[in-house]
>>> print(open('final-v1.txt').read())   # compact mmCIF, C-alpha atoms
# COMPACT_ATOMS: atom_id res chain seq x y z
CA MET A 108 -10.45 28.01 15.84
CA PRO A 109 -9.57 30.17 12.78
CA LYS A 110 -12.10 29.84 9.96
CA ARG A 111 -9.46 28.63 7.52
CA PHE A 112 -8.84 25.57 9.74
CA ARG A 113 -12.48 24.61 10.31
CA ALA A 114 -13.00 22.71 7.06
CA VAL A 115 -9.74 20.81 7.61
CA ALA A 116 -10.83 19.86 11.12
CA LEU A 117 -14.32 18.87 9.96
CA THR A 118 -12.95 16.68 7.21
CA PHE A 119 -10.70 14.63 9.41
CA LEU A 120 -13.22 14.59 12.28
CA PHE A 121 -15.66 13.03 9.82
CA LEU A 122 -13.16 10.36 8.86
CA PHE A 123 -12.12 9.58 12.41
CA LEU A 124 -15.71 9.36 13.66
CA ALA A 125 -16.82 7.28 10.69
CA PHE A 126 -14.12 4.66 11.19
CA PRO A 127 -12.53 3.41 14.43
CA ALA A 128 -8.79 4.04 14.80
CA SER A 129 -8.11 0.32 15.14
CA ALA A 130 -9.58 -0.32 11.68
CA VAL A 131 -6.42 0.83 9.88
CA SER A 132 -2.81 -0.10 10.64
CA LEU A 133 0.00 2.08 9.27
CA THR A 134 3.59 0.81 9.42
CA ILE A 135 6.56 3.10 8.73
CA VAL A 136 9.39 1.09 7.17
CA ASP A 137 11.83 4.00 6.87
CA GLY A 138 11.86 7.72 6.19
CA GLU A 139 13.38 11.11 6.95
CA VAL A 140 12.88 14.85 6.53
CA PHE A 141 15.38 17.60 5.62
CA ALA A 142 15.58 21.37 6.07
CA GLN A 143 17.92 23.55 3.99
CA VAL A 144 18.66 27.23 3.39
CA SER A 145 20.98 28.54 0.65
CA GLY A 146 23.02 25.34 0.56
CA VAL A 147 23.22 24.89 4.36
CA SER A 148 21.43 21.90 5.93
CA GLU A 149 21.29 19.97 9.18
CA THR A 150 21.44 16.20 9.64
CA PRO A 151 18.06 14.77 8.53
CA ILE A 152 15.74 13.45 11.22
CA PRO A 153 14.23 9.98 10.81
CA ILE A 154 10.60 8.93 10.50
CA SER A 155 10.56 5.48 12.04
CA VAL A 156 7.36 4.64 13.88
CA ALA A 157 3.67 5.46 14.09
CA PRO A 158 2.60 7.44 16.03
CA SER A 159 5.43 9.99 16.16
CA GLU A 160 6.23 13.63 15.39
CA ASP A 161 9.31 15.83 15.18
CA SER A 162 10.75 18.86 13.39
CA ILE A 163 14.09 20.24 12.22
CA THR A 164 15.09 23.89 11.69
CA VAL A 165 18.05 25.49 9.94
CA SER A 166 18.78 29.22 9.58
CA ARG A 167 21.32 31.35 7.75
CA GLY A 168 21.18 35.12 7.45
CA ALA A 169 17.66 36.16 6.44
CA ASN A 170 16.65 32.60 5.58
CA SER A 171 15.03 29.97 7.78
CA SER A 172 13.49 26.58 7.09
CA THR A 173 11.53 24.29 9.41
CA THR A 174 10.44 20.85 8.24
CA ALA A 175 8.14 18.76 10.42
CA PHE A 176 6.29 15.47 10.31
CA VAL A 177 3.35 14.00 12.18
CA VAL A 178 2.59 10.29 11.82
CA SER A 179 -0.51 8.75 13.37
CA ASN A 180 -1.90 5.25 13.02
CA ARG A 181 -3.80 6.36 9.93
CA SER A 182 -2.03 9.35 8.36
CA ILE A 183 1.32 10.85 7.36
CA THR A 184 1.82 14.63 7.27
CA ILE A 185 4.97 16.47 6.20
CA SER A 186 4.95 20.26 6.54
CA ALA A 187 7.19 23.25 5.81
CA ASP A 188 7.57 26.74 7.25
CA HIS A 189 9.93 29.06 5.37
CA VAL A 190 11.39 32.57 5.60
CA ARG A 191 13.36 33.76 2.54
CA GLY A 192 15.41 36.90 2.09
CA ALA A 193 15.52 39.30 -0.87
CA THR A 194 19.16 38.75 -1.88
CA LEU A 195 19.90 36.85 -5.09
CA GLY A 196 20.60 33.24 -4.14
CA ASP A 197 18.46 33.26 -0.99
CA GLU A 198 16.47 30.06 -0.65
CA ALA A 199 14.58 27.99 1.92
CA SER A 200 13.55 24.41 1.23
CA SER A 201 12.06 21.33 2.87
CA ARG A 202 12.18 17.76 1.62
CA GLY A 203 11.21 14.42 3.01
CA GLY A 204 9.49 11.14 2.53
CA ALA A 205 8.70 7.72 3.91
CA PHE A 206 8.47 4.06 2.98
CA PHE A 207 5.29 2.65 4.46
CA SER A 208 2.67 -0.08 4.34
CA VAL A 209 -0.95 0.04 5.41
CA SER A 210 -3.54 -2.63 6.13
CA GLY A 211 -7.25 -2.66 6.89
CA PRO A 212 -9.72 -5.27 8.13
CA GLY A 213 -11.46 -7.69 5.82
CA GLY A 214 -10.06 -6.54 2.49
CA GLU A 215 -7.06 -6.35 0.22
CA ARG A 216 -7.21 -2.60 -0.40
CA VAL A 217 -7.22 0.52 1.78
CA PRO A 218 -8.55 3.82 0.36
CA TYR A 219 -6.52 7.01 0.79
CA ILE A 220 -7.13 10.75 0.56
CA LEU A 221 -4.16 12.94 -0.43
CA THR A 222 -4.10 16.76 -0.19
CA ALA A 223 -1.32 19.34 -0.46
CA ALA A 224 -0.76 23.10 -0.45
CA TYR A 225 2.16 25.51 -0.36
CA GLU A 226 1.34 29.19 0.17
CA ALA A 227 3.73 32.09 -0.31
CA GLU A 228 3.29 35.52 1.25
CA ASP A 229 5.42 38.09 -0.56
CA GLU A 230 6.47 41.36 1.07
CA GLY A 231 6.18 43.28 -2.21
CA GLU A 232 5.20 42.95 -5.86
CA GLU A 233 8.31 41.05 -7.04
CA PRO A 234 7.75 37.34 -6.25
CA GLY A 235 10.48 34.73 -6.26
CA ARG A 236 10.28 31.08 -7.29
CA VAL A 237 7.81 28.82 -5.49
CA TYR A 238 8.02 25.07 -6.06
CA MET A 239 6.23 22.00 -4.71
CA SER A 240 6.33 18.33 -5.70
CA VAL A 241 4.57 15.21 -4.45
CA SER A 242 5.08 11.65 -5.68
CA MET A 243 4.03 8.20 -4.56
CA TRP A 244 5.39 4.86 -5.80
CA ASP A 245 4.39 1.21 -5.55
CA LEU A 246 7.70 -0.51 -4.75
CA ALA A 247 6.37 -3.97 -5.60
CA THR A 248 5.77 -2.98 -9.22
CA ASP A 249 8.17 0.01 -9.40
CA GLN A 250 5.30 2.10 -10.74
CA VAL A 251 4.35 5.72 -10.11
CA ILE A 252 0.84 5.83 -8.69
CA PHE A 253 0.76 9.59 -8.11
CA SER A 254 2.88 12.56 -9.17
CA ALA A 255 2.45 16.32 -9.19
CA LEU A 256 5.05 19.06 -9.69
CA TYR A 257 4.21 22.77 -9.56
CA THR A 258 6.42 25.84 -10.11
CA SER A 259 5.50 29.53 -10.01
CA PHE A 260 7.69 32.52 -10.94
CA ASP A 261 5.36 35.45 -11.57
CA THR A 262 2.42 35.28 -9.17
CA VAL A 263 2.41 37.30 -5.95
CA ASP A 264 1.16 35.34 -2.92
CA GLU A 265 0.97 32.12 -4.92
CA ILE A 266 -0.76 29.04 -3.46
CA LEU A 267 0.26 25.78 -5.13
CA GLY A 268 -1.38 22.44 -4.55
CA PHE A 269 -4.46 20.26 -4.87
CA GLY A 270 -7.40 19.33 -2.69
CA VAL A 271 -7.57 22.87 -1.27
CA PRO A 272 -9.80 25.40 -3.11
CA GLY A 273 -7.78 28.40 -4.22
CA THR A 274 -4.65 26.41 -5.02
CA SER A 275 -3.19 26.44 -8.51
CA GLY A 276 -0.76 24.58 -10.71
CA GLY A 277 1.51 27.61 -10.98
CA ASP A 278 3.23 28.74 -14.18
CA LEU A 279 4.71 25.33 -14.97
CA SER A 280 3.21 22.04 -13.86
CA THR A 281 3.61 18.34 -14.55
CA GLN A 282 0.55 16.76 -13.05
CA GLY A 283 0.95 13.08 -13.88
CA HIS A 284 -1.77 11.46 -11.81
CA SER A 285 -2.69 14.69 -10.00
CA PRO A 286 -6.43 15.37 -9.75
CA GLY A 287 -6.03 19.09 -10.46
CA PRO A 288 -5.72 22.03 -8.05
CA GLY A 289 -9.27 21.98 -6.61
CA ASN A 290 -9.62 18.27 -5.98
CA PRO A 291 -8.11 15.84 -3.49
CA ALA A 292 -6.44 12.70 -4.80
CA LEU A 293 -8.51 9.63 -3.97
CA GLY A 294 -7.29 6.08 -4.54
CA GLU A 295 -6.60 2.67 -3.05
CA LEU A 296 -3.45 0.92 -1.89
CA PHE A 297 -2.95 -2.83 -1.57
CA SER A 298 -2.94 -3.99 2.02
CA GLY A 299 0.53 -5.01 3.22
CA ARG A 300 2.39 -3.76 0.14
CA THR A 301 5.26 -1.24 0.58
CA TYR A 302 4.89 2.23 -0.93
CA SER A 303 6.93 5.42 -0.84
CA ILE A 304 5.78 9.03 -0.64
CA SER A 305 8.15 11.93 -1.32
CA VAL A 306 7.59 15.68 -1.05
CA ALA A 307 9.52 18.91 -1.63
CA PHE A 308 8.83 22.61 -0.98
CA VAL A 309 11.13 25.43 -2.18
CA SER A 310 10.97 29.22 -1.87
CA GLY A 311 13.85 30.76 -3.81
CA ASN A 312 15.30 33.96 -5.23
CA ASN A 313 17.27 32.35 -8.03
CA SER A 314 16.97 34.45 -11.15
CA GLY A 315 16.68 38.18 -10.42
CA PRO A 316 15.19 40.84 -8.18
CA ALA A 317 12.63 39.42 -5.75
CA ASP A 318 11.11 40.68 -2.54
CA ALA A 319 11.51 38.75 0.70
CA ALA A 320 8.79 36.22 1.43
CA THR A 321 7.47 33.64 3.83
CA ALA A 322 5.82 30.37 2.86
CA THR A 323 4.07 27.47 4.59
CA GLY A 324 2.89 24.16 3.22
CA PHE A 325 1.86 20.60 3.94
CA VAL A 326 1.28 17.24 2.30
CA ARG A 327 -1.05 14.82 4.03
CA ILE A 328 -2.10 11.28 3.15
CA SER A 329 -4.86 9.74 5.26
CA PHE A 330 -6.11 6.15 5.19
CA VAL A 331 -9.55 4.73 5.92
CA PRO A 332 -10.97 1.20 5.61
CA GLU A 333 -13.18 0.46 2.64
CA PRO A 334 -16.06 2.96 2.95
CA SER A 335 -19.48 2.97 1.44
CA THR A 336 -19.94 5.18 -1.59
CA GLY A 337 -21.94 7.62 0.51
CA LEU A 338 -19.23 7.97 3.13
CA LEU A 339 -16.53 8.49 0.52
CA ALA A 340 -18.68 11.09 -1.19
CA GLY A 341 -19.21 12.81 2.15
CA ALA A 342 -15.48 12.95 2.72
CA GLY A 343 -15.04 14.44 -0.73
CA VAL A 344 -17.61 17.14 -0.04
CA LEU A 345 -15.88 18.09 3.20
CA LEU A 346 -12.49 18.21 1.49
CA LEU A 347 -13.88 20.51 -1.17
CA GLY A 348 -14.88 22.85 1.64
CA LEU A 349 -11.27 23.41 2.68
CA GLY A 350 -10.50 27.10 3.04
CA ARG A 351 -8.12 28.91 0.70
CA GLN A 352 -5.69 29.78 3.49
CA VAL A 353 -3.16 27.25 4.75
CA ARG A 354 -0.92 29.81 6.48
CA ARG A 355 0.69 28.50 9.66
CA LEU A 356 -0.55 24.90 9.26
CA ARG A 357 2.89 23.63 10.38
CA ALA A 358 3.03 20.15 11.85
CA GLN A 359 -0.60 19.88 12.99
CA CYS A 360 -1.81 19.75 9.44
CA GLY A 361 1.11 19.31 7.90
CA ALA A 362 11.98 14.44 -2.84
CA GLY A 363 11.64 12.89 -5.76
CA HIS A 364 11.21 9.14 -5.30
CA LEU A 365 13.02 7.75 -2.24
CA ARG A 366 15.00 4.75 -3.34
>>> encode(input="final-v1.txt", output="structure tokens")
Amino acid sequence: MPKRFRAVALTFLFLFLAFPASAVSLTIVDGEVFAQVSGVSETPIPISVAPSEDSITVSRGANSSTTAFVVSNRSITISADHVRGATLGDEASSRGGAFFSVSGPGGERVPYILTAAYEAEDEGEEPGRVYMSVSMWDLATDQVIFSALYTSFDTVDEILGFGVPGTSGGDLSTQGHSPGPGNPALGELFSGRTYSISVAFVSGNNSGPADAATATGFVRISFVPEPSTGLLAGAGVLLLGLGRQVRRLRAQCGAGHLR
């Protein structure tokens, strides 16, 4: 296993060994993912049940976008894999989201851990635009419970995100309830209540000369039953050990508010 994946695997192995799979129940109410390149897109594919997984790919000229999802009984992952050309107007993007509810035994709340990263690999010293957003809403109260938006224009081989050491907020960021680039988002959701999570990844050459680039990213929310403080702290330590690289995470690891 590549070194950059070991901390990811250890983190979720810890969670899955600490809590039995039957302890958390995730229900997908509705959802879908999109792939688009330079204005061309395919019909979105639905996210409808747990467990399930699928992907969609669209290509045009030098540009290609693959968007994938993996839903288990205790996590939702949406990932992106992009190839972008060097011509002005070239762009590859992925968007998606889901309405969901989650329940755990013997309590009204279920803790979650949310991490995200989007890594660009530029072919030269002229980077294009790199953008990532993540938001989560409580539909019962119509309140934002998490939001983070990151944009980078000037950094070669940028890595946007949070919960993965080495990620950054880019040149422009609106972090709302984001924990900051180095930290995962930890919180609790009410059992049985419906929430939405929405994500977007964009690699674009929109404003001037830019070298071709590839980019990969993921957003993952995982749920566990109410842990002891020690177990939650242990999970946090493992998450902070995530490697800087997220290249080629695709579906195994992994716009705006869906209404």
>>> closest_residue(input="final-v1.txt", among="A:Val178, A:Ala187, A:Val147, A:Ala292", to="Ile163 of chain A", atoms="only C-alpha atoms")
A:Ala187
>>> residues_around(input="final-v1.txt", residues="segment 316-331 of chain A", least_positions_apart="2", cutoff="6 Å", atoms="only C-alpha atoms", output="PyMOL selection string")
chain A and resi 181-193+218-231+233-235+354+361
>>> atom_distance(input="final-v1.txt", atom1="atom CA of Asn312 of chain A", atom2="atom CA of Phe253 of chain A")
28.5 Å
>>> closest_residue(input="final-v1.txt", among="A:Ser210, A:Ser145, A:Ser200, A:Ser310", to="Glu265 of chain A", atoms="only C-alpha atoms")
A:Ser310
>>> atom_distance(input="final-v1.txt", atom1="atom CA of Glu139 of chain A", atom2="atom CA of Ser303 of chain A")
11.6 Å
>>> atom_distance(input="final-v1.txt", atom1="atom CA of Val140 of chain A", atom2="atom CA of Thr194 of chain A")
26.1 Å
>>> closest_residue(input="final-v1.txt", among="A:Val237, A:Leu296, A:Leu246, A:Ala142", to="Asn170 of chain A", atoms="all atoms listed in the file")
A:Ala142
>>> closest_residue(input="final-v1.txt", among="A:Thr301, A:Ser259, A:Ser172, A:Asn290", to="Leu133 of chain A", atoms="all atoms listed in the file")
A:Thr301
>>> residues_around(input="final-v1.txt", residues="Ser166 of chain A", least_positions_apart="3", cutoff="9 Å", atoms="all atoms listed in the file", output="count of residues only")
10
